[in-house]
Amino acid sequence: MKKGPSQMLELAVLALLRQGELHGYQIRKSLAEMAGPLFQFSFGSLYPALGRLEERGAVASFLESATDFIAATGSLTGDLALSSERRERSGHFSPSDRTGRTRRVYRITDIGEKLFEELFENAPLDSEADYLAWLYLADESRATLLAERTREHLAELEAKRRSNLRSRIERDFPIGMKTEIHRRLSEIIDSEIGFVRAILSQLDAKKAQVSVPANQLLETK
């Protein structure tokens, strides 16, 4: 399975398409609207990612002609609301139909639904950015998995903090740039640990209550 930015990008694309059909520009705009800097990838990688997903049968596409095209509303919510109307008015076009302006519209398949579950369950959480993006894509039905992966992420962060502390002690840097770098690393790691502990506390509390979407947990921070 692919690791890193490409996997997180494919996961984000599938998450969007689970909500409704979208053309490429809408996907690009919606990704930025949905989470902005949380997703660390170049938009130049979007269409190759869509191509890979289509090759795997996770995504299907069709061409929408100029006469059938329904203009984007400018917001993710509005674009998804038009999805059902577009579905009724669109179809697969033969070469003779491809006159004038067309846009390729994408939809998720049953294979894509299964792939989303697989990617979400096994997403690499190697950095805070990965963890935040993954958490943002979660929904209320995943409280147990969220808590399990969050505990794993917390353990990795605490190991990283111990390693950084050992490095400072063993090398005994004199006051200067290297000491300041290690001090700053400790501050960053401690901040991440505090955030992850707060999320874990909320997840544990919510498991015994009515669950809420993980992106709402982020909004409370």
# chains A, B, ... in the order shown; residues from 1 in each chain; ligands from 1
call {"tool": "residues_around", "arguments": {"residues": "segment 145-158 of chain A", "least_positions_apart": "6", "cutoff": "10 Å", "atoms": "only C-alpha atoms", "output": "PyMOL selection string"}}
result
chain A and resi 120-128+131+134-135+138-139+164+189-190+192-197+199-204+207+214
call {"tool": "residues_around", "arguments": {"residues": "Ser42 of chain A", "least_positions_apart": "3", "cutoff": "12 Å", "atoms": "only C-alpha atoms", "output": "PyMOL selection string"}}
result
chain A and resi 5-6+8-9+28+31-32+36-37+39+45-49
call {"tool": "closest_residue", "arguments": {"among": "A:Gly51, A:Leu165, A:Leu17, A:Asp130", "to": "Arg107 of chain A", "atoms": "only C-alpha atoms"}}
result
A:Leu17
call {"tool": "closest_residue", "arguments": {"among": "A:Val13, A:Ile111, A:Ala205, A:Ala129", "to": "Gly57 of chain A", "atoms": "only C-alpha atoms"}}
result
A:Ile111
call {"tool": "closest_residue", "arguments": {"among": "A:Leu119, A:Leu11, A:Ala159, A:Leu63", "to": "Arg101 of chain A", "atoms": "only C-alpha atoms"}}
result
A:Leu63
call {"tool": "atom_distance", "arguments": {"atom1": "atom CA of Tyr106 of chain A", "atom2": "atom CA of Glu118 of chain A"}}
result
20.1 Å
call {"tool": "residues_around", "arguments": {"residues": "Arg104 of chain A", "least_positions_apart": "6", "cutoff": "9 Å", "atoms": "only C-alpha atoms", "output": "ChimeraX atom specification"}}
result
/A:22-24,61-65
call {"tool": "write_last_selection", "arguments": {"atoms": "N, CA and C atoms", "output": "mmCIF file, in the first residue's frame"}}
result
data_model
loop_
_atom_site.group_PDB
_atom_site.id
_atom_site.type_symbol
_atom_site.label_atom_id
_atom_site.label_comp_id
_atom_site.auth_asym_id
_atom_site.auth_seq_id
_atom_site.Cartn_x
_atom_site.Cartn_y
_atom_site.Cartn_z
ATOM 1 N N LEU A 22 -18.658 14.985 -8.186
ATOM 2 C CA LEU A 22 -18.001 16.280 -8.350
ATOM 3 C C LEU A 22 -17.074 16.217 -9.550
ATOM 4 N N HIS A 23 -16.897 17.352 -10.248
ATOM 5 C CA HIS A 23 -15.883 17.374 -11.303
ATOM 6 C C HIS A 23 -14.559 17.828 -10.696
ATOM 7 N N GLY A 24 -13.486 17.729 -11.486
ATOM 8 C CA GLY A 24 -12.146 17.934 -10.954
ATOM 9 C C GLY A 24 -11.938 19.259 -10.262
ATOM 10 N N SER A 61 -15.983 7.801 -13.873
ATOM 11 C CA SER A 61 -16.189 9.161 -14.367
ATOM 12 C C SER A 61 -17.017 9.147 -15.639
ATOM 13 N N PHE A 62 -17.613 10.264 -15.930
ATOM 14 C CA PHE A 62 -18.332 10.450 -17.186
ATOM 15 C C PHE A 62 -18.141 11.886 -17.630
ATOM 16 N N LEU A 63 -18.342 12.112 -18.933
ATOM 17 C CA LEU A 63 -18.227 13.459 -19.466
ATOM 18 C C LEU A 63 -19.574 14.149 -19.409
ATOM 19 N N GLU A 64 -19.555 15.373 -18.953
ATOM 20 C CA GLU A 64 -20.762 16.186 -18.858
ATOM 21 C C GLU A 64 -20.653 17.273 -19.921
ATOM 22 N N SER A 65 -21.622 17.343 -20.823
ATOM 23 C CA SER A 65 -21.556 18.301 -21.920
ATOM 24 C C SER A 65 -21.886 19.706 -21.447
#
call {"tool": "residues_around", "arguments": {"residues": "Ala60 of chain A", "least_positions_apart": "5", "cutoff": "9 Å", "atoms": "only C-alpha atoms", "output": "mmCIF file with C-alpha atoms, in the first residue's frame"}}
result
data_model
loop_
_atom_site.group_PDB
_atom_site.id
_atom_site.type_symbol
_atom_site.label_atom_id
_atom_site.label_comp_id
_atom_site.auth_asym_id
_atom_site.auth_seq_id
_atom_site.Cartn_x
_atom_site.Cartn_y
_atom_site.Cartn_z
ATOM 1 C CA LEU A 53 -8.284 5.670 -8.327
ATOM 2 C CA GLU A 54 -10.115 5.212 -11.630
ATOM 3 C CA GLU A 55 -7.632 2.544 -12.765
ATOM 4 C CA VAL A 105 -17.414 14.230 -13.395
ATOM 5 C CA TYR A 106 -16.272 11.684 -10.827
ATOM 6 C CA ARG A 107 -18.218 9.401 -8.512
ATOM 7 C CA ILE A 108 -17.172 6.792 -5.970
ATOM 8 C CA THR A 109 -17.877 3.086 -6.612
#
